[in-house]
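For reference, protein_28.cif (mmCIF, C-alpha atoms and all ligand atoms):
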data_work
loop_
_atom_site.label_atom_id
_atom_site.label_comp_id
_atom_site.auth_asym_id
_atom_site.auth_seq_id
_atom_site.Cartn_x
_atom_site.Cartn_y
_atom_site.Cartn_z
CA MET C 1 124.17 -19.58 146.61
CA TYR C 2 125.95 -21.32 143.81
CA PHE C 3 125.58 -21.79 140.08
CA PRO C 4 123.14 -22.64 138.56
CA ALA C 5 120.82 -21.15 141.20
CA TYR C 6 122.90 -18.00 141.32
CA ARG C 7 123.90 -16.38 138.06
CA PRO C 8 125.66 -13.01 138.54
CA ARG C 9 125.14 -12.24 134.86
CA ARG C 10 121.38 -11.75 135.45
CA LEU C 11 122.06 -8.33 136.92
CA ARG C 12 124.48 -7.32 134.18
CA LYS C 13 121.93 -7.79 131.43
CA ASN C 14 121.53 -4.18 130.43
CA GLU C 15 122.65 -0.70 131.45
CA HIS C 16 119.61 -0.16 133.68
CA PHE C 17 120.43 -3.20 135.80
CA ARG C 18 124.09 -2.25 135.86
CA ARG C 19 123.25 1.29 136.86
CA MET C 20 120.91 0.13 139.60
CA ILE C 21 123.42 -2.14 141.32
CA ARG C 22 126.54 -0.04 140.73
CA GLU C 23 128.31 0.33 144.08
CA THR C 24 130.45 3.36 143.33
CA SER C 25 129.70 6.44 141.36
CA LEU C 26 131.64 9.50 140.47
CA SER C 27 130.18 12.92 141.11
CA VAL C 28 131.26 16.43 140.27
CA ASP C 29 131.10 17.01 144.05
CA ASP C 30 134.23 14.85 144.44
CA LEU C 31 136.47 16.96 142.22
CA VAL C 32 139.23 19.48 142.78
CA SER C 33 140.83 21.12 139.75
CA PRO C 34 144.56 22.01 140.06
CA LEU C 35 145.70 25.16 138.23
CA PHE C 36 149.03 26.89 137.60
CA VAL C 37 149.31 30.63 137.97
CA THR C 38 152.16 32.79 136.73
CA SER C 39 152.98 36.49 136.67
CA GLY C 40 152.29 38.92 133.83
CA LYS C 41 149.22 39.73 131.78
CA ASN C 42 147.54 37.76 129.04
CA VAL C 43 149.89 34.80 129.56
CA LYS C 44 148.63 31.34 128.70
CA ASN C 45 151.56 29.00 128.11
CA PRO C 46 150.60 25.46 127.20
CA ILE C 47 152.23 22.76 129.32
CA ASN C 48 153.64 20.30 126.83
CA SER C 49 153.20 17.11 128.83
CA MET C 50 149.77 18.07 130.17
CA PRO C 51 147.47 18.70 127.20
CA GLY C 52 144.72 21.20 128.01
CA HIS C 53 146.68 22.73 130.91
CA PHE C 54 148.48 26.05 130.98
CA GLN C 55 150.59 28.35 133.06
CA MET C 56 148.15 31.23 133.31
CA SER C 57 148.42 34.83 134.40
CA VAL C 58 145.78 35.99 136.87
CA ASP C 59 143.48 37.43 134.17
CA HIS C 60 143.26 34.06 132.42
CA LEU C 61 143.01 32.30 135.76
CA VAL C 62 139.88 34.30 136.56
CA LYS C 63 138.26 33.14 133.29
CA GLU C 64 139.31 29.56 133.92
CA ILE C 65 137.86 29.59 137.43
CA GLN C 66 134.63 31.17 136.21
CA GLU C 67 134.29 28.23 133.82
CA THR C 68 135.21 25.78 136.57
CA LYS C 69 132.47 27.23 138.73
CA GLY C 70 130.09 27.07 135.77
CA LEU C 71 130.76 23.33 135.63
CA ASP C 72 129.80 23.09 139.32
CA ILE C 73 133.26 21.87 140.40
CA PRO C 74 133.46 22.82 144.10
CA ALA C 75 137.16 23.69 144.37
CA VAL C 76 140.40 24.66 142.69
CA LEU C 77 143.93 24.05 143.96
CA LEU C 78 146.45 26.74 143.04
CA PHE C 79 150.17 26.40 142.34
CA GLY C 80 152.28 29.49 141.79
CA ILE C 81 155.21 30.12 139.50
CA PRO C 82 156.98 33.18 140.91
CA GLU C 83 158.85 35.77 138.90
CA LYS C 84 162.02 35.25 140.95
CA LYS C 85 163.31 32.30 142.92
CA ASP C 86 165.93 32.57 145.68
CA ASP C 87 167.52 30.42 148.37
CA LEU C 88 165.09 31.70 150.99
CA ALA C 89 161.89 31.14 148.96
CA SER C 90 160.95 34.75 149.73
CA ALA C 91 158.36 34.85 146.94
CA ALA C 92 156.42 32.09 148.73
CA PHE C 93 155.31 34.31 151.59
CA ALA C 94 155.55 37.79 150.00
CA LYS C 95 152.44 39.89 150.48
CA ASP C 96 152.35 40.49 146.74
CA GLY C 97 153.53 37.04 145.75
CA ILE C 98 151.85 35.39 142.81
CA ILE C 99 149.59 33.16 144.91
CA GLN C 100 148.64 35.96 147.29
CA GLN C 101 147.69 38.18 144.32
CA ALA C 102 145.79 35.36 142.64
CA VAL C 103 143.83 34.47 145.78
CA ARG C 104 142.85 38.09 146.42
CA THR C 105 141.68 38.51 142.85
CA ILE C 106 139.77 35.24 142.73
CA LYS C 107 138.05 35.90 146.04
CA ASP C 108 137.01 39.27 144.66
CA ARG C 109 135.96 38.19 141.16
CA VAL C 110 134.72 34.60 141.65
CA PRO C 111 133.83 34.46 145.34
CA ASP C 112 131.64 31.39 145.24
CA ILE C 113 134.19 28.59 144.78
CA ILE C 114 136.63 27.04 147.24
CA VAL C 115 140.19 28.23 146.68
CA ILE C 116 142.84 25.89 148.06
CA THR C 117 146.55 26.72 147.92
CA ASP C 118 149.50 24.37 147.84
CA VAL C 119 151.88 25.28 150.65
CA CYS C 120 155.36 24.23 149.63
CA LEU C 121 158.62 25.92 148.73
CA CYS C 122 159.90 23.97 145.73
CA GLU C 123 158.47 26.42 143.21
CA TYR C 124 160.09 29.32 145.08
CA THR C 125 163.59 28.09 145.95
CA SER C 126 166.42 28.53 143.44
CA HIS C 127 167.54 24.95 144.16
CA GLY C 128 164.04 23.50 143.67
CA HIS C 129 163.85 21.66 146.99
CA CYS C 130 160.78 21.84 149.21
CA GLY C 131 162.63 23.54 152.08
CA MET C 132 165.69 25.44 153.26
CA ILE C 133 169.05 23.80 152.58
CA GLU C 134 171.59 23.31 155.33
CA LYS C 135 174.69 21.15 154.94
CA GLY C 136 173.47 19.70 151.66
CA ASP C 137 170.07 18.54 152.92
CA VAL C 138 166.69 20.10 153.55
CA SER C 139 166.58 21.40 157.10
CA ASN C 140 163.30 20.43 158.69
CA ASP C 141 162.77 22.90 161.50
CA ILE C 142 163.85 26.07 159.70
CA THR C 143 161.55 25.07 156.85
CA LEU C 144 158.61 24.80 159.27
CA GLU C 145 158.85 28.50 160.05
CA VAL C 146 158.79 29.42 156.36
CA LEU C 147 155.89 27.09 155.62
CA ALA C 148 153.91 28.55 158.53
CA GLU C 149 154.59 32.08 157.33
CA THR C 150 153.55 31.11 153.80
CA ALA C 151 150.29 29.57 155.00
CA VAL C 152 149.48 32.67 157.05
CA SER C 153 150.17 34.90 154.02
CA HIS C 154 147.69 32.82 151.99
CA ALA C 155 145.13 33.11 154.77
CA LYS C 156 145.60 36.89 154.88
CA ALA C 157 144.91 36.96 151.12
CA GLY C 158 141.64 35.14 151.80
CA VAL C 159 142.29 31.50 150.95
CA ASP C 160 139.61 28.97 151.93
CA MET C 161 141.94 26.05 152.72
CA VAL C 162 145.68 25.38 152.73
CA ALA C 163 147.34 22.19 151.55
CA PRO C 164 150.88 21.69 152.84
CA SER C 165 152.85 19.35 150.57
CA ALA C 166 156.48 19.76 151.61
CA MET C 167 156.58 16.54 153.69
CA MET C 168 158.44 18.18 156.56
CA ASP C 169 157.93 16.56 159.96
CA GLY C 170 155.61 18.67 162.07
CA GLN C 171 154.41 20.88 159.20
CA VAL C 172 150.71 20.48 159.91
CA GLY C 173 151.16 21.38 163.59
CA ALA C 174 153.36 24.37 162.78
CA ILE C 175 150.85 25.70 160.25
CA ARG C 176 147.84 25.09 162.51
CA GLU C 177 149.50 26.94 165.36
CA ALA C 178 150.50 29.88 163.18
CA LEU C 179 147.05 30.17 161.58
CA ASP C 180 145.35 30.05 164.98
CA GLU C 181 147.71 32.65 166.44
CA GLU C 182 146.81 35.01 163.60
CA GLY C 183 143.10 34.44 164.12
CA PHE C 184 142.55 32.05 161.19
CA THR C 185 141.06 29.28 163.31
CA GLY C 186 138.45 28.64 160.62
CA VAL C 187 140.88 27.88 157.79
CA PRO C 188 141.11 24.10 157.35
CA ILE C 189 144.24 22.12 156.45
CA MET C 190 144.22 19.47 153.74
CA ALA C 191 147.40 17.59 154.59
CA TYR C 192 149.46 15.78 151.97
CA SER C 193 150.01 13.11 154.62
CA ALA C 194 151.22 10.13 152.65
CA LYS C 195 153.12 11.70 149.79
CA TYR C 196 155.51 9.35 148.05
CA ALA C 197 158.81 10.14 146.30
CA SER C 198 157.29 9.41 142.90
CA CYS C 199 158.42 9.69 139.30
CA PHE C 200 154.80 10.45 138.43
CA TYR C 201 155.33 14.11 139.40
CA GLY C 202 157.48 14.57 136.27
CA PRO C 203 155.06 16.63 134.16
CA PHE C 204 154.11 18.78 137.16
CA ARG C 205 157.73 19.78 137.64
CA GLU C 206 157.78 21.02 134.06
CA ALA C 207 154.53 22.90 134.70
CA ALA C 208 155.60 24.42 138.02
CA GLU C 209 159.29 24.75 137.11
CA SER C 210 160.17 23.01 140.36
CA THR C 211 162.64 20.27 139.47
CA PRO C 212 165.31 19.92 142.19
CA GLN C 213 168.63 21.24 140.86
CA PHE C 214 170.59 18.61 142.80
CA GLY C 215 169.70 15.30 144.39
CA ASN C 216 166.10 14.20 144.78
CA ARG C 217 163.25 14.34 147.29
CA LYS C 218 163.82 10.94 148.89
CA SER C 219 164.99 12.38 152.22
CA TYR C 220 161.56 13.88 152.84
CA GLN C 221 158.98 12.18 150.61
CA MET C 222 158.00 8.59 151.39
CA ASP C 223 159.56 5.44 150.00
CA PRO C 224 157.21 3.69 147.54
CA GLY C 225 157.64 0.35 149.29
CA ASN C 226 156.07 1.48 152.56
CA ARG C 227 152.55 0.84 153.80
CA ASP C 228 152.65 1.00 157.61
CA GLU C 229 154.66 4.20 157.47
CA ALA C 230 151.77 5.84 155.59
CA ILE C 231 149.55 5.07 158.55
CA ARG C 232 152.07 6.63 160.93
CA GLU C 233 152.36 9.72 158.73
CA ILE C 234 148.58 10.11 158.58
CA SER C 235 148.21 9.62 162.37
CA LEU C 236 150.78 12.32 162.99
CA ASP C 237 148.98 14.77 160.71
CA ILE C 238 145.65 14.09 162.40
CA GLU C 239 147.19 14.67 165.82
CA GLU C 240 148.68 17.92 164.54
CA GLY C 241 145.31 19.16 163.33
CA ALA C 242 144.70 18.00 159.75
CA ASP C 243 141.09 18.33 158.60
CA ILE C 244 141.48 16.28 155.43
CA ILE C 245 144.17 13.66 154.85
CA MET C 246 145.67 12.96 151.45
CA VAL C 247 147.37 10.11 149.66
CA LYS C 248 149.51 10.99 146.65
CA PRO C 249 149.91 9.76 143.92
CA ALA C 250 146.60 7.90 143.57
CA LEU C 251 146.69 5.08 141.04
CA PRO C 252 149.93 3.37 142.10
CA TYR C 253 148.84 3.75 145.77
CA LEU C 254 145.21 2.59 145.77
CA ASP C 255 146.01 0.19 148.61
CA ILE C 256 147.10 3.13 150.75
CA ILE C 257 143.91 5.07 149.94
CA CYS C 258 141.90 2.00 150.91
CA ARG C 259 143.72 1.64 154.23
CA ALA C 260 143.49 5.33 155.01
CA LYS C 261 139.74 5.21 154.50
CA GLU C 262 139.36 2.11 156.68
CA GLU C 263 141.55 3.24 159.54
CA PHE C 264 140.67 6.90 159.91
CA ASP C 265 137.44 8.82 160.12
CA LEU C 266 138.53 12.00 158.35
CA PRO C 267 137.74 12.78 154.71
CA VAL C 268 140.34 11.19 152.44
CA ALA C 269 141.65 13.02 149.39
CA ALA C 270 143.61 11.34 146.61
CA TYR C 271 145.82 13.20 144.17
CA ASN C 272 145.58 11.79 140.66
CA VAL C 273 148.93 13.37 139.75
CA SER C 274 150.36 14.85 136.57
CA GLY C 275 152.09 11.64 135.42
CA GLU C 276 148.88 9.65 135.78
CA PHE C 277 147.15 12.25 133.62
CA ALA C 278 149.97 12.40 131.07
CA MET C 279 150.09 8.61 130.63
CA ILE C 280 146.44 8.44 129.64
CA LYS C 281 146.69 11.48 127.38
CA ALA C 282 149.78 10.10 125.65
CA ALA C 283 148.26 6.66 125.11
CA ALA C 284 145.04 8.22 123.83
CA ARG C 285 146.95 10.43 121.40
CA SER C 286 148.73 7.42 120.00
CA GLY C 287 145.39 5.69 119.59
CA TRP C 288 146.44 2.98 122.06
CA LEU C 289 143.69 3.62 124.62
CA ASP C 290 140.27 5.22 124.61
CA GLY C 291 141.24 8.29 126.64
CA GLU C 292 137.77 9.08 127.94
CA LYS C 293 137.11 5.54 129.10
CA ALA C 294 140.56 5.27 130.66
CA MET C 295 139.91 8.53 132.53
CA MET C 296 136.55 7.35 133.88
CA GLU C 297 137.82 3.90 134.88
CA THR C 298 140.82 5.45 136.63
CA LEU C 299 138.73 7.93 138.58
CA ILE C 300 136.14 5.36 139.59
CA SER C 301 138.94 3.09 140.85
CA ILE C 302 140.22 5.91 143.05
CA LYS C 303 136.74 6.48 144.40
CA ARG C 304 136.17 2.76 144.92
CA ALA C 305 139.44 2.53 146.86
CA GLY C 306 137.96 5.00 149.35
CA ALA C 307 138.74 8.54 148.25
CA ASP C 308 136.13 11.14 149.17
CA ILE C 309 137.88 13.87 147.20
CA ILE C 310 139.84 13.49 143.96
CA ILE C 311 142.29 16.14 142.88
CA THR C 312 142.64 15.64 139.16
CA TYR C 313 143.71 17.41 135.97
CA PHE C 314 140.72 15.65 134.38
CA ALA C 315 138.28 17.63 136.58
CA ARG C 316 136.85 19.77 133.78
CA GLU C 317 136.57 16.94 131.28
CA VAL C 318 134.84 14.69 133.81
CA ALA C 319 132.48 17.43 134.92
CA ILE C 320 131.44 18.00 131.31
CA LEU C 321 130.96 14.29 130.75
CA LEU C 322 128.97 13.83 133.97
CA SER C 323 126.68 16.75 133.22
CA GLY C 324 125.94 15.24 129.80
CA GLN C 325 124.96 11.97 131.43
CA ARG C 326 122.37 13.51 133.71
C1 LIG J 401 154.98 20.41 145.61
C2 LIG J 401 154.08 19.53 144.85
C3 LIG J 401 154.37 18.58 143.85
C4 LIG J 401 153.14 18.09 143.39
C5 LIG J 401 152.17 18.71 144.15
N1 LIG J 401 152.76 19.57 145.06
C6 LIG J 401 155.64 18.21 143.22
C7 LIG J 401 156.68 17.47 143.95
O1 LIG J 401 156.54 17.09 145.11
O2 LIG J 401 157.72 17.30 143.32
C8 LIG J 401 152.94 17.10 142.30
C9 LIG J 401 151.61 17.13 141.65
C10 LIG J 401 151.51 16.41 140.37
O3 LIG J 401 152.44 15.70 139.90
O4 LIG J 401 150.45 16.54 139.74
N2 LIG J 401 155.87 19.82 146.43
#

Let me see the structure of the file written as structure tokens.
Ligand code: PBG
Amino acid sequence: MYFPAYRPRRLRKNEHFRRMIRETSLSVDDLVSPLFVTSGKNVKNPINSMPGHFQMSVDHLVKEIQETKGLDIPAVLLFGIPEKKDDLASAAFAKDGIIQQAVRTIKDRVPDIIVITDVCLCEYTSHGHCGMIEKGDVSNDITLEVLAETAVSHAKAGVDMVAPSAMMDGQVGAIREALDEEGFTGVPIMAYSAKYASCFYGPFREAAESTPQFGNRKSYQMDPGNRDEAIREISLDIEEGADIIMVKPALPYLDIICRAKEEFDLPVAAYNVSGEFAMIKAAARSGWLDGEKAMMETLISIKRAGADIIITYFAREVAILLSGQR
């Protein structure tokens, strides 16, 4: 069919037509809201580069998650800021660590929402790297043991799903094995499978106080130029027992999300990271972009690329907007 017989504009005439033929839609069901938890009481420190986000003590976290649940968002993803960091990341797997306390409290106070925990060591090591250091680099296999122990400690606290993000080889397998050994066969793993060494994590590192004190993360996170390697990384995670695969960041890696969705039959999550959030907020504050429209267009593009789940700092704002549209 060609012009003039076919005129695509006929079906763009008004919002009803556009709505009817829209191929992709965003739903509150797709969203995961990331939150930062810190020690103390009545703490709610604003995160400068992430307007509307805070480092919260557990009491505030409970309120925040009650509201999140009220908005019908199915899940939250927790990041912990421990009181003390050390070379061994001991606060990551401590029984009374910040995440373990937070999970226990949330499961008690707001039981009806999925609690996911990030399993990584960068917030807990004094040097800010995602694993144990040996001879100036992150040692893979020693780190696996610590990650496995951390995941098990989250499961003991009652977490619904763990999300390992350290980009160590074999981390999904090590965690699956440890969880199963401890009887947590029902706790799924959302694997940060294709996680790139990205500058877009900048604001997060301020929020989580996890900037590496020397070097960078390029010896474990992926090189931004690589496509096929993402497929290899995802395949490995699936073989090791991942239940959900993730691509991170989202916007600069839409092609990877698209390929992941086409090549694998597991649910695909995309992490719309802190820098992607901050860019839109900053432009909106300067009056250079319509922030709400930029948010919606960004999230729909991630969905259109193939993401089933979107982890985003916009979760609450979108949920409010979507509920108003109903
Ligand atoms: C932990 C972790 C990071 C993010 C999620 N988990 C930071 C990093 O790898 O440096 C980034 C999330 C974001 O930027 O929103 N390793």

Please build the interface table for chain C against ligand LIG 401 (chain J) with a cut-off of 7 Å, listing for each qualifying residue the nearest atom pair and the distance in Å to one decimal; count all atoms listed in the file, order rows by chain and increasing number, and write it as a Markdown table.
| residue | atom | partner | partner_atom | distance |
| --- | --- | --- | --- | --- |
| C:Asp118 | CA | J:LIG401 | N1 | 6.4 |
| C:Cys120 | CA | J:LIG401 | N2 | 5.5 |
| C:Cys122 | CA | J:LIG401 | N2 | 5.8 |
| C:Cys130 | CA | J:LIG401 | N2 | 6.0 |
| C:Ser165 | CA | J:LIG401 | N2 | 5.1 |
| C:Ala166 | CA | J:LIG401 | N2 | 5.2 |
| C:Phe200 | CA | J:LIG401 | O3 | 5.9 |
| C:Tyr201 | CA | J:LIG401 | O3 | 3.3 |
| C:Gly202 | CA | J:LIG401 | O3 | 6.3 |
| C:Pro203 | CA | J:LIG401 | O3 | 6.4 |
| C:Phe204 | CA | J:LIG401 | O3 | 4.4 |
| C:Arg205 | CA | J:LIG401 | C6 | 6.2 |
| C:Ser210 | CA | J:LIG401 | O2 | 6.9 |
| C:Thr211 | CA | J:LIG401 | O2 | 6.9 |
| C:Asn272 | CA | J:LIG401 | O4 | 6.9 |
| C:Val273 | CA | J:LIG401 | O4 | 3.5 |
| C:Ser274 | CA | J:LIG401 | O4 | 3.6 |
| C:Gly275 | CA | J:LIG401 | O3 | 6.1 |

Those same residues, written as a PDB file, in the frame of the given file with C-alpha atoms?
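Written file, out-v5.pdb:
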ATOM      1  CA  ASP C 118     149.500  24.370 147.840  1.00  0.00           C
ATOM      2  CA  CYS C 120     155.360  24.230 149.630  1.00  0.00           C
ATOM      3  CA  CYS C 122     159.900  23.970 145.730  1.00  0.00           C
ATOM      4  CA  CYS C 130     160.780  21.840 149.210  1.00  0.00           C
ATOM      5  CA  SER C 165     152.850  19.350 150.570  1.00  0.00           C
ATOM      6  CA  ALA C 166     156.480  19.760 151.610  1.00  0.00           C
ATOM      7  CA  PHE C 200     154.800  10.450 138.430  1.00  0.00           C
ATOM      8  CA  TYR C 201     155.330  14.110 139.400  1.00  0.00           C
ATOM      9  CA  GLY C 202     157.480  14.570 136.270  1.00  0.00           C
ATOM     10  CA  PRO C 203     155.060  16.630 134.160  1.00  0.00           C
ATOM     11  CA  PHE C 204     154.110  18.780 137.160  1.00  0.00           C
ATOM     12  CA  ARG C 205     157.730  19.780 137.640  1.00  0.00           C
ATOM     13  CA  SER C 210     160.170  23.010 140.360  1.00  0.00           C
ATOM     14  CA  THR C 211     162.640  20.270 139.470  1.00  0.00           C
ATOM     15  CA  ASN C 272     145.580  11.790 140.660  1.00  0.00           C
ATOM     16  CA  VAL C 273     148.930  13.370 139.750  1.00  0.00           C
ATOM     17  CA  SER C 274     150.360  14.850 136.570  1.00  0.00           C
ATOM     18  CA  GLY C 275     152.090  11.640 135.420  1.00  0.00           C
TER      19      GLY C 275
END

message: Could you list, as a ChimeraX atom specification, every residue within 8 Å of Ala242 in chain C, counting all atoms listed in the file and ignoring same-chain residues fewer than 3 positions away?
response: /C:172,188-191,237-239,245

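Using only C-alpha atoms for every distance, the candidate list C:Thr312, C:Pro51, C:His16, C:Ala174 yields C:Pro51 as the residue closest to Ala282 in chain C.
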
Contacts of range 17-32 of chain C at 6 Å or less, counting all atoms listed in the file, minus same-chain residues fewer than 5 places along, as a compact mmCIF listing (two decimals) with C-alpha atoms, keeping the file's coordinate frame?
# COMPACT_ATOMS: atom_id res chain seq x y z
CA LEU C 11 122.06 -8.33 136.92
CA ARG C 12 124.48 -7.32 134.18
CA ILE C 73 133.26 21.87 140.40
CA ALA C 75 137.16 23.69 144.37
CA VAL C 76 140.40 24.66 142.69
CA ARG C 304 136.17 2.76 144.92
CA ILE C 309 137.88 13.87 147.20
CA ILE C 310 139.84 13.49 143.96
CA ILE C 311 142.29 16.14 142.88
CA ALA C 315 138.28 17.63 136.58
CA ALA C 319 132.48 17.43 134.92

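Minimum atom-to-atom distance to Val37 in chain C, evaluated using only C-alpha atoms, belongs to C:Ala102 out of C:Ile65, C:Val152, C:Val162, C:Ala102.
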
query: Between CA of Leu61 in chain C and CA of Phe36 in chain C, what is the distance, to one decimal in Å?
result: 8.3 Å

- prompt: Just how far from CA of Val318 in chain C is CA of Asp112 in chain C, in Å to one decimal?
  reply: 20.5 Å

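Going from CA of Gln213 in chain C over to CA of Phe79 in chain C, you cover 19.2 Å.
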
Write out as CSV a residue-level contact list of range 118-236 of chain C versus range 260-266 of chain C with cut-off 12 Å: for each qualifying residue the closest pair of atoms and the distance in Å to one decimal, counting all atoms listed in the file, rows sorted by chain and residue number upward.
residue,atom,partner,partner_atom,distance
C:Ile189,CA,C:Leu266,CA,11.8
C:Met190,CA,C:Leu266,CA,10.5
C:Ala191,CA,C:Leu266,CA,11.1
C:Ser193,CA,C:Ala260,CA,10.2
C:Ala194,CA,C:Ala260,CA,9.4
C:Arg227,CA,C:Ala260,CA,10.2
C:Asp228,CA,C:Ala260,CA,10.5
C:Glu229,CA,C:Ala260,CA,11.5
C:Ala230,CA,C:Ala260,CA,8.3
C:Ile231,CA,C:Ala260,CA,7.0
C:Arg232,CA,C:Ala260,CA,10.5
C:Glu233,CA,C:Ala260,CA,10.6
C:Ile234,CA,C:Ala260,CA,7.8
C:Ser235,CA,C:Phe264,CA,8.4
C:Leu236,CA,C:Phe264,CA,11.9

Of the listed residues C:Val115, C:Ala151, C:Ala250, C:Val138, that which approaches Phe93 in chain C most closely, counting all atoms listed in the file: C:Ala151

task: Choose the residue, out of C:Met295, C:Arg316, C:Phe184, C:Arg217, that has the smallest atom-to-atom separation from Lys69 in chain C; count only C-alpha atoms.
output: C:Arg316

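Shortest separation to Ser57 in chain C among C:Glu292, C:Asp137, C:Glu182, C:Glu83 occurs at residue C:Glu83, atoms counted being all atoms listed in the file.
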
message: Give me the residues near Leu254 in chain C as a VMD selection string, where near means some atom within 9 Å (using only C-alpha atoms) and where sequence neighbours in that chain fewer than 5 positions away do not count.
response: chain C and resid 247 249 259 270 301 to 302 305 to 306

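Omitting Thr38 in chain C and its sequence neighbours fewer than 6 positions away, and counting all atoms listed in the file, the residues within 9 Å are C:Lys44, C:Gln55, C:Met56, C:Ser57, C:Val58, C:Phe79, C:Gly80, C:Ile81, C:Pro82, C:Glu83, C:Ile98, C:Ile99.
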
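Each of C:Met168, C:Leu35, C:Cys258, C:Ile175 was compared to Thr68 in chain C using all atoms listed in the file, and C:Leu35 turns out to be the nearest.
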
Write out as AutoDock Vina command-line options an axis-aligned box for range 237-243 of chain C: all of its atoms listed in the file, 8 Å added on each side, centre and edge lengths in Å with one decimal.
--center_x 145.0 --center_y 16.6 --center_z 162.2 --size_x 23.9 --size_y 21.1 --size_z 23.2
